[in-house]
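Undergrad: Next up, coords-v7.pdb (PDB, C-alpha atoms).
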ATOM      1  CA  VAL A  15      -5.190 -13.943 -19.558
ATOM      2  CA  SER A  16      -5.966 -16.769 -17.180
ATOM      3  CA  GLY A  17      -2.557 -17.750 -15.866
ATOM      4  CA  GLU A  18       1.169 -18.033 -16.445
ATOM      5  CA  VAL A  19       3.726 -20.767 -16.979
ATOM      6  CA  GLY A  20       7.094 -19.364 -16.016
ATOM      7  CA  ASN A  21       7.035 -15.889 -17.526
ATOM      8  CA  THR A  22       4.735 -16.858 -20.407
ATOM      9  CA  GLU A  23       1.163 -15.617 -20.354
ATOM     10  CA  LEU A  24      -1.424 -18.211 -21.363
ATOM     11  CA  ARG A  25      -4.152 -17.344 -23.842
ATOM     12  CA  THR A  26      -7.718 -18.348 -23.039
ATOM     13  CA  GLY A  27      -9.994 -19.909 -25.634
ATOM     14  CA  PHE A  28     -13.635 -20.848 -26.079
ATOM     15  CA  THR A  29     -15.433 -24.159 -25.638
ATOM     16  CA  THR A  30     -17.165 -26.391 -28.170
ATOM     17  CA  GLY A  31     -20.406 -25.200 -26.572
ATOM     18  CA  SER A  32     -19.566 -21.567 -27.344
ATOM     19  CA  ALA A  33     -18.632 -22.565 -30.890
ATOM     20  CA  ALA A  34     -21.957 -24.355 -31.387
ATOM     21  CA  ALA A  35     -23.950 -21.435 -29.966
ATOM     22  CA  ALA A  36     -22.130 -18.890 -32.114
ATOM     23  CA  GLY A  37     -22.671 -21.009 -35.220
ATOM     24  CA  ALA A  38     -26.359 -21.388 -34.422
ATOM     25  CA  LYS A  39     -26.775 -17.620 -34.000
ATOM     26  CA  ALA A  40     -24.899 -16.828 -37.230
ATOM     27  CA  ALA A  41     -26.887 -19.382 -39.244
ATOM     28  CA  LEU A  42     -30.176 -18.089 -37.816
ATOM     29  CA  LEU A  43     -29.309 -14.476 -38.669
ATOM     30  CA  VAL A  44     -28.488 -15.404 -42.258
ATOM     31  CA  LEU A  45     -31.574 -17.591 -42.556
ATOM     32  CA  LEU A  46     -33.751 -14.684 -41.438
ATOM     33  CA  GLY A  47     -32.119 -12.404 -43.980
ATOM     34  CA  GLN A  48     -30.794 -10.152 -41.233
ATOM     35  CA  ALA A  49     -27.118 -10.456 -42.098
ATOM     36  CA  ASP A  50     -24.759 -11.393 -44.908
ATOM     37  CA  GLY A  51     -21.087 -12.285 -44.794
ATOM     38  CA  ILE A  52     -20.886 -12.547 -41.000
ATOM     39  CA  ASP A  53     -17.323 -12.577 -39.658
ATOM     40  CA  THR A  54     -18.106 -12.669 -35.926
ATOM     41  CA  VAL A  55     -21.068 -12.964 -33.583
ATOM     42  CA  GLU A  56     -21.449 -12.081 -29.918
ATOM     43  CA  ILE A  57     -23.150 -14.587 -27.643
ATOM     44  CA  PRO A  58     -24.080 -14.653 -23.939
ATOM     45  CA  LEU A  59     -22.060 -16.915 -21.660
ATOM     46  CA  PRO A  60     -23.950 -19.411 -19.439
ATOM     47  CA  GLU A  61     -23.584 -17.479 -16.191
ATOM     48  CA  GLU A  62     -22.549 -13.919 -16.967
ATOM     49  CA  GLY A  63     -20.739 -11.869 -19.579
ATOM     50  CA  ARG A  64     -20.493 -12.177 -23.339
ATOM     51  CA  ILE A  65     -17.925 -13.402 -25.850
ATOM     52  CA  THR A  66     -17.276 -12.629 -29.513
ATOM     53  CA  ILE A  67     -16.637 -15.700 -31.672
ATOM     54  CA  PRO A  68     -15.143 -15.711 -35.206
ATOM     55  CA  ILE A  69     -17.303 -17.350 -37.884
ATOM     56  CA  GLU A  70     -15.364 -19.377 -40.450
ATOM     57  CA  ASP A  71     -18.205 -19.803 -42.917
ATOM     58  CA  VAL A  72     -21.980 -19.379 -43.082
ATOM     59  CA  MET A  73     -24.394 -19.982 -45.937
ATOM     60  CA  ILE A  74     -27.965 -20.809 -46.818
ATOM     61  CA  ILE A  75     -28.346 -24.394 -47.990
ATOM     62  CA  GLU A  76     -31.307 -26.643 -48.713
ATOM     63  CA  ASN A  77     -33.951 -26.387 -45.970
ATOM     64  CA  GLY A  78     -31.899 -24.111 -43.746
ATOM     65  CA  ALA A  79     -28.555 -22.447 -43.096
ATOM     66  CA  ARG A  80     -25.203 -23.783 -41.948
ATOM     67  CA  ALA A  81     -22.392 -22.067 -40.058
ATOM     68  CA  VAL A  82     -18.892 -23.303 -39.250
ATOM     69  CA  VAL A  83     -16.808 -22.212 -36.262
ATOM     70  CA  ILE A  84     -13.217 -23.329 -35.690
ATOM     71  CA  LYS A  85     -12.764 -24.297 -32.050
ATOM     72  CA  ASP A  86      -9.980 -22.255 -30.418
ATOM     73  CA  ALA A  87      -8.741 -23.664 -27.113
ATOM     74  CA  GLY A  88      -6.214 -20.887 -26.611
ATOM     75  CA  ASP A  89      -3.037 -22.293 -25.041
ATOM     76  CA  ASP A  90      -4.805 -25.289 -23.516
ATOM     77  CA  PRO A  91      -3.668 -28.736 -24.812
ATOM     78  CA  ASP A  92      -7.236 -29.582 -25.891
ATOM     79  CA  VAL A  93      -7.679 -32.332 -28.496
ATOM     80  CA  THR A  94     -10.613 -30.427 -30.003
ATOM     81  CA  ASP A  95      -8.502 -27.328 -30.712
ATOM     82  CA  GLY A  96      -8.926 -26.487 -34.389
ATOM     83  CA  ALA A  97     -11.954 -28.760 -34.829
ATOM     84  CA  ARG A  98     -14.748 -27.614 -37.139
ATOM     85  CA  ILE A  99     -17.986 -27.220 -35.200
ATOM     86  CA  VAL A 100     -20.930 -27.072 -37.609
ATOM     87  CA  SER A 101     -24.374 -25.737 -36.709
ATOM     88  CA  PHE A 102     -27.292 -26.394 -39.081
ATOM     89  CA  VAL A 103     -30.436 -24.359 -38.435
ATOM     90  CA  SER A 104     -33.922 -24.795 -39.884
ATOM     91  CA  LEU A 105     -37.205 -23.029 -39.131
ATOM     92  CA  ALA A 106     -40.833 -24.136 -39.087
ATOM     93  CA  PRO A 107     -44.051 -22.357 -38.048
ATOM     94  CA  VAL A 108     -45.843 -23.552 -34.909
ATOM     95  CA  SER A 109     -49.231 -22.594 -33.525
ATOM     96  CA  GLY A 110     -48.020 -22.128 -29.954
ATOM     97  CA  ALA A 111     -45.013 -20.473 -28.345
ATOM     98  CA  SER A 112     -41.683 -20.511 -30.160
ATOM     99  CA  GLU A 113     -39.363 -23.368 -29.227
ATOM    100  CA  VAL A 114     -35.755 -24.415 -29.720
ATOM    101  CA  ILE A 115     -34.892 -28.044 -30.486
ATOM    102  CA  ILE A 116     -31.241 -29.109 -30.239
ATOM    103  CA  LYS A 117     -29.960 -32.291 -31.888
ATOM    104  CA  GLY A 118     -26.600 -33.998 -32.277
ATOM    105  CA  GLY A 119     -25.434 -34.989 -35.739
ATOM    106  CA  HIS A 120     -22.419 -36.870 -37.068
ATOM    107  CA  GLY A 121     -19.386 -36.553 -34.822
ATOM    108  CA  VAL A 122     -21.328 -35.678 -31.677
ATOM    109  CA  GLY A 123     -21.328 -38.557 -29.196
ATOM    110  CA  LYS A 124     -24.382 -40.224 -27.744
ATOM    111  CA  VAL A 125     -24.786 -41.024 -24.038
ATOM    112  CA  THR A 126     -25.074 -44.769 -23.413
ATOM    113  CA  ARG A 127     -24.679 -44.997 -19.615
ATOM    114  CA  PRO A 128     -26.443 -43.287 -16.696
ATOM    115  CA  GLY A 129     -24.576 -40.960 -14.371
ATOM    116  CA  LEU A 130     -24.008 -37.975 -16.655
ATOM    117  CA  PRO A 131     -26.075 -34.769 -16.741
ATOM    118  CA  ILE A 132     -27.542 -35.937 -20.074
ATOM    119  CA  LYS A 133     -30.056 -38.788 -20.276
ATOM    120  CA  VAL A 134     -29.136 -42.112 -21.890
ATOM    121  CA  GLY A 135     -29.855 -42.029 -25.612
ATOM    122  CA  GLU A 136     -29.457 -38.247 -25.879
ATOM    123  CA  PRO A 137     -26.633 -36.476 -27.737
ATOM    124  CA  ALA A 138     -23.703 -35.463 -25.509
ATOM    125  CA  ILE A 139     -24.514 -31.756 -25.549
ATOM    126  CA  ASN A 140     -24.154 -30.615 -21.943
ATOM    127  CA  PRO A 141     -26.580 -28.277 -20.126
ATOM    128  CA  GLY A 142     -24.218 -25.276 -20.359
ATOM    129  CA  PRO A 143     -23.972 -25.380 -24.173
ATOM    130  CA  GLN A 144     -27.708 -26.046 -24.483
ATOM    131  CA  LYS A 145     -28.354 -22.929 -22.398
ATOM    132  CA  MET A 146     -25.987 -20.860 -24.544
ATOM    133  CA  ILE A 147     -27.592 -22.065 -27.776
ATOM    134  CA  LYS A 148     -31.114 -21.322 -26.552
ATOM    135  CA  ASN A 149     -30.166 -17.921 -25.139
ATOM    136  CA  SER A 150     -28.427 -16.984 -28.396
ATOM    137  CA  VAL A 151     -31.487 -17.967 -30.425
ATOM    138  CA  ASN A 152     -33.831 -16.128 -28.062
ATOM    139  CA  GLU A 153     -31.727 -12.965 -28.407
ATOM    140  CA  VAL A 154     -32.340 -13.019 -32.158
ATOM    141  CA  PHE A 155     -36.048 -13.745 -31.688
ATOM    142  CA  ASP A 156     -36.429 -10.904 -29.181
ATOM    143  CA  ARG A 157     -34.485  -8.470 -31.352
ATOM    144  CA  PHE A 158     -36.635  -9.093 -34.437
ATOM    145  CA  LYS A 159     -39.867  -9.857 -32.559
ATOM    146  CA  ILE A 160     -40.218 -13.336 -34.077
ATOM    147  CA  GLN A 161     -43.040 -15.489 -32.723
ATOM    148  CA  ASN A 162     -44.728 -18.842 -33.372
ATOM    149  CA  THR A 163     -41.580 -20.369 -34.812
ATOM    150  CA  GLN A 164     -39.755 -23.624 -34.136
ATOM    151  CA  VAL A 165     -35.975 -23.531 -34.484
ATOM    152  CA  GLU A 166     -34.226 -26.869 -34.980
ATOM    153  CA  ILE A 167     -30.466 -26.833 -34.483
ATOM    154  CA  GLU A 168     -28.282 -29.808 -35.320
ATOM    155  CA  ILE A 169     -24.625 -29.803 -34.281
ATOM    156  CA  PHE A 170     -22.037 -31.719 -36.333
ATOM    157  CA  VAL A 171     -18.319 -32.288 -35.816
ATOM    158  CA  PRO A 172     -16.840 -33.693 -39.062
ATOM    159  CA  LYS A 173     -13.874 -35.396 -37.327
ATOM    160  CA  GLY A 174     -15.665 -35.974 -34.037
ATOM    161  CA  GLU A 175     -15.362 -39.771 -34.026
ATOM    162  CA  GLU A 176     -11.627 -39.576 -34.645
ATOM    163  CA  LEU A 177     -11.125 -36.909 -31.976
ATOM    164  CA  ALA A 178     -13.198 -38.862 -29.447
ATOM    165  CA  GLU A 179     -10.631 -41.668 -29.511
ATOM    166  CA  LYS A 180      -8.206 -39.250 -27.815
ATOM    167  CA  THR A 181     -10.646 -38.423 -25.007
ATOM    168  CA  LEU A 182     -12.172 -40.267 -22.036
ATOM    169  CA  ASN A 183     -15.583 -40.396 -23.726
ATOM    170  CA  ALA A 184     -15.625 -44.163 -24.221
ATOM    171  CA  ARG A 185     -14.952 -44.715 -20.504
ATOM    172  CA  LEU A 186     -17.833 -42.378 -19.693
ATOM    173  CA  GLY A 187     -20.160 -44.241 -22.035
ATOM    174  CA  ILE A 188     -20.245 -41.523 -24.686
ATOM    175  CA  MET A 189     -19.971 -43.231 -28.050
ATOM    176  CA  GLY A 190     -19.676 -42.083 -31.647
ATOM    177  CA  GLY A 191     -18.095 -38.672 -31.207
ATOM    178  CA  ILE A 192     -17.037 -35.863 -28.909
ATOM    179  CA  SER A 193     -19.044 -34.065 -26.260
ATOM    180  CA  ILE A 194     -20.216 -30.488 -26.694
ATOM    181  CA  LEU A 195     -19.000 -28.998 -23.427
ATOM    182  CA  GLY A 196     -18.599 -25.728 -21.587
ATOM    183  CA  THR A 197     -19.734 -24.864 -18.081
ATOM    184  CA  THR A 198     -18.491 -21.284 -18.441
ATOM    185  CA  GLY A 199     -18.066 -21.063 -22.213
ATOM    186  CA  ILE A 200     -14.392 -20.157 -21.754
ATOM    187  CA  VAL A 201     -11.394 -22.507 -21.935
ATOM    188  CA  THR A 202      -8.967 -21.760 -19.113
ATOM    189  CA  PRO A 203      -5.506 -23.161 -19.979
ATOM    190  CA  MET A 204      -4.238 -25.938 -17.714
ATOM    191  CA  SER A 205      -7.420 -25.793 -15.647
ATOM    192  CA  HIS A 206      -7.518 -28.066 -12.599
ATOM    193  CA  ASP A 207     -11.286 -27.512 -12.360
ATOM    194  CA  ALA A 208     -11.859 -28.975 -15.814
ATOM    195  CA  TYR A 209      -9.884 -32.112 -14.980
ATOM    196  CA  ILE A 210     -11.625 -32.484 -11.615
ATOM    197  CA  ALA A 211     -14.999 -32.232 -13.392
ATOM    198  CA  THR A 212     -13.956 -35.081 -15.703
ATOM    199  CA  ILE A 213     -12.956 -37.226 -12.713
ATOM    200  CA  LYS A 214     -16.292 -36.506 -11.017
ATOM    201  CA  SER A 215     -18.128 -37.550 -14.190
ATOM    202  CA  GLY A 216     -16.185 -40.811 -14.273
ATOM    203  CA  ILE A 217     -17.025 -41.541 -10.636
ATOM    204  CA  SER A 218     -20.710 -40.743 -11.231
ATOM    205  CA  VAL A 219     -20.908 -43.089 -14.218
ATOM    206  CA  ALA A 220     -19.075 -45.834 -12.279
ATOM    207  CA  ALA A 221     -21.468 -45.435  -9.347
TER
END
Here is a file; write its structure as structure tokens.

TA:
Amino acid sequence: VSGEVGNTELRTGFTTGSAAAAGAKAALLVLLGQADGIDTVEIPLPEEGRITIPIEDVMIIENGARAVVIKDAGDDPDVTDGARIVSFVSLAPVSGASEVIIKGGHGVGKVTRPGLPIKVGEPAINPGPQKMIKNSVNEVFDRFKIQNTQVEIEIFVPKGEELAEKTLNARLGIMGGISILGTTGIVTPMSHDAYIATIKSGISVAA
């Protein structure tokens, strides 16, 4: 519980970044044949602690595996609450060290202006979610001693373009979809810090 309004306790949720990381881990596990019918996965948060995320659906499809997580913002009035966050994972052998490549698919915005923590032309997947995705993948690799493998993860949000119209993304120069966010991985209801971070981003882009 992160706070109260009157006598009502507010329920925390998890970010789009946590959803993407959980989906990536679930899809990777299924792709490696290490799990079947996954209902939940546990992932590391960006700074400390862990969180268990429900998996809506996961299956092997052509050239990889796909997992779906339903974003749960808790009691926060988040426009992405209930959105389907899709993670598609594919594997390829490499001669050197294993690597993780993260891409943005349909419904994930693209950065078009400088001033954000993501370079112009890159998908709007913030550093926190990228860290969570990579750490989640590396946990699986370490557990099963997998080496010399490239993991490509593409994040989709089926209704991302529609949802983005209800956000400040266009003003920040993020076009074509929502941002994959999450400094802590947890959604704190009615968070002043989250709104302040958005204002700071707007000032940085304007500058």

Undergrad: Could you tell me, as a PyMOL selection string, exactly which residues end up selected when the PyMOL selection byres ((chain A and resi 139) around 7) is applied to this structure?

TA: chain A and resi 137-138+140-141+143-144+193-195

Undergrad: Hey, what comes out of the PyMOL selection byres ((chain A and resi 120) around 7) on this file? Could you write it as a VMD selection string?

TA: chain A and resid 118 to 119 121 to 122 170 to 172

Undergrad: Between atom CA of A:Ala49 and atom CA of A:Thr197, what is the distance, to one decimal in Å?

TA: 29.0 Å

Undergrad: Write out as a ChimeraX atom specification the residues lying within 7 Å of A:Thr198, counting all atoms listed in the file and excluding same-chain residues fewer than 4 positions away.

TA: /A:59-61

Undergrad: Return the single residue from A:Pro128, A:Gly123, A:Gly31, A:Gly199 that is closest to A:Leu182, with distances computed using only C-alpha atoms.

TA: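 Of A:Pro128, A:Gly123, A:Gly31, A:Gly199, the one nearest A:Leu182 is A:Gly123, counting only C-alpha atoms.
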
Undergrad: A:Ser104: which residues within 8 Å, counting all atoms listed in the file, same-chain residues fewer than 2 positions away excluded, as a list of chain:residue names?

TA: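 After dropping sequence-adjacent residues, the list is A:Leu42, A:Asn77, A:Gly78, A:Ala79, A:Phe102, A:Ala106, A:Val165, A:Glu166, A:Ile167.
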
Undergrad: Applying the PyMOL selection byres ((chain A and resi 66) around 8) to the file I just gave you, which residues come out? Please list them as a PyMOL selection string.

TA: chain A and resi 54-57+64-65+67-68

Undergrad: Can you write out the residues you just picked, keeping C-alpha atoms, as an mmCIF file, in the frame of the given file?

TA:
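This is the output file out.cif:
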data_model
loop_
_atom_site.group_PDB
_atom_site.id
_atom_site.type_symbol
_atom_site.label_atom_id
_atom_site.label_comp_id
_atom_site.auth_asym_id
_atom_site.auth_seq_id
_atom_site.Cartn_x
_atom_site.Cartn_y
_atom_site.Cartn_z
ATOM 1 C CA THR A 54 -18.106 -12.669 -35.926
ATOM 2 C CA VAL A 55 -21.068 -12.964 -33.583
ATOM 3 C CA GLU A 56 -21.449 -12.081 -29.918
ATOM 4 C CA ILE A 57 -23.150 -14.587 -27.643
ATOM 5 C CA ARG A 64 -20.493 -12.177 -23.339
ATOM 6 C CA ILE A 65 -17.925 -13.402 -25.850
ATOM 7 C CA ILE A 67 -16.637 -15.700 -31.672
ATOM 8 C CA PRO A 68 -15.143 -15.711 -35.206
#

Undergrad: Between A:Thr163, A:Gln48, A:Ile200, A:Arg185, single out the one closest to A:Ala111, counting only C-alpha atoms.

TA: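 The shortest atom-to-atom distance to A:Ala111 comes from A:Thr163.
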
Undergrad: Atom CA of A:Ser32 to atom CA of A:Glu113: how many Å, to one decimal?

TA: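 Spanning atom CA of A:Ser32 to atom CA of A:Glu113 is a straight-line distance of 20.0 Å.
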
Undergrad: Grab the atom CA of A:Asn149 to atom CA of A:Ala40 distance for me, in Å with one decimal place.

TA: 13.2 Å

Undergrad: Identify which of the residues A:Thr26, A:Ser150, A:Thr202, A:Thr126 lies closest to A:Asn183, counting only C-alpha atoms when measuring atom-to-atom distances.

TA: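 For A:Asn183, the nearest of the given residues is A:Thr126.
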
Undergrad: Would you please work out which residue, of A:Phe158, A:Ala38, A:Ala184, A:Ala87, is nearest to A:Ile115 when using all atoms listed in the file?

TA: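 Under the stated criterion, the closest residue is A:Ala38.
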
Undergrad: Could you give me, as an MDAnalysis selection string, the residues within 12 Å of A:Thr181, counting all atoms listed in the file and dropping anything in the same chain fewer than 4 positions from it?

TA: chainID A and resid 91:94 123 174:177 185:193 209 212

Undergrad: Deliver the residues from the most recent selection as a file, using C-alpha atoms, as a short mmCIF file (atom, residue, chain, number, x, y, z; two decimals), in the frame of the given file.

TA:
data_model
loop_
_atom_site.label_atom_id
_atom_site.label_comp_id
_atom_site.auth_asym_id
_atom_site.auth_seq_id
_atom_site.Cartn_x
_atom_site.Cartn_y
_atom_site.Cartn_z
CA PRO A 91 -3.67 -28.74 -24.81
CA ASP A 92 -7.24 -29.58 -25.89
CA VAL A 93 -7.68 -32.33 -28.50
CA THR A 94 -10.61 -30.43 -30.00
CA GLY A 123 -21.33 -38.56 -29.20
CA GLY A 174 -15.66 -35.97 -34.04
CA GLU A 175 -15.36 -39.77 -34.03
CA GLU A 176 -11.63 -39.58 -34.65
CA LEU A 177 -11.12 -36.91 -31.98
CA ARG A 185 -14.95 -44.72 -20.50
CA LEU A 186 -17.83 -42.38 -19.69
CA GLY A 187 -20.16 -44.24 -22.04
CA ILE A 188 -20.24 -41.52 -24.69
CA MET A 189 -19.97 -43.23 -28.05
CA GLY A 190 -19.68 -42.08 -31.65
CA GLY A 191 -18.10 -38.67 -31.21
CA ILE A 192 -17.04 -35.86 -28.91
CA SER A 193 -19.04 -34.06 -26.26
CA TYR A 209 -9.88 -32.11 -14.98
CA THR A 212 -13.96 -35.08 -15.70
#

Undergrad: Given all atoms listed in the file as the basis, pick out the residue of A:Val154, A:Ala178, A:Leu43, A:Val201 nearest to A:Lys124.

TA: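 Among the listed residues, the smallest separation from A:Lys124 belongs to A:Ala178.
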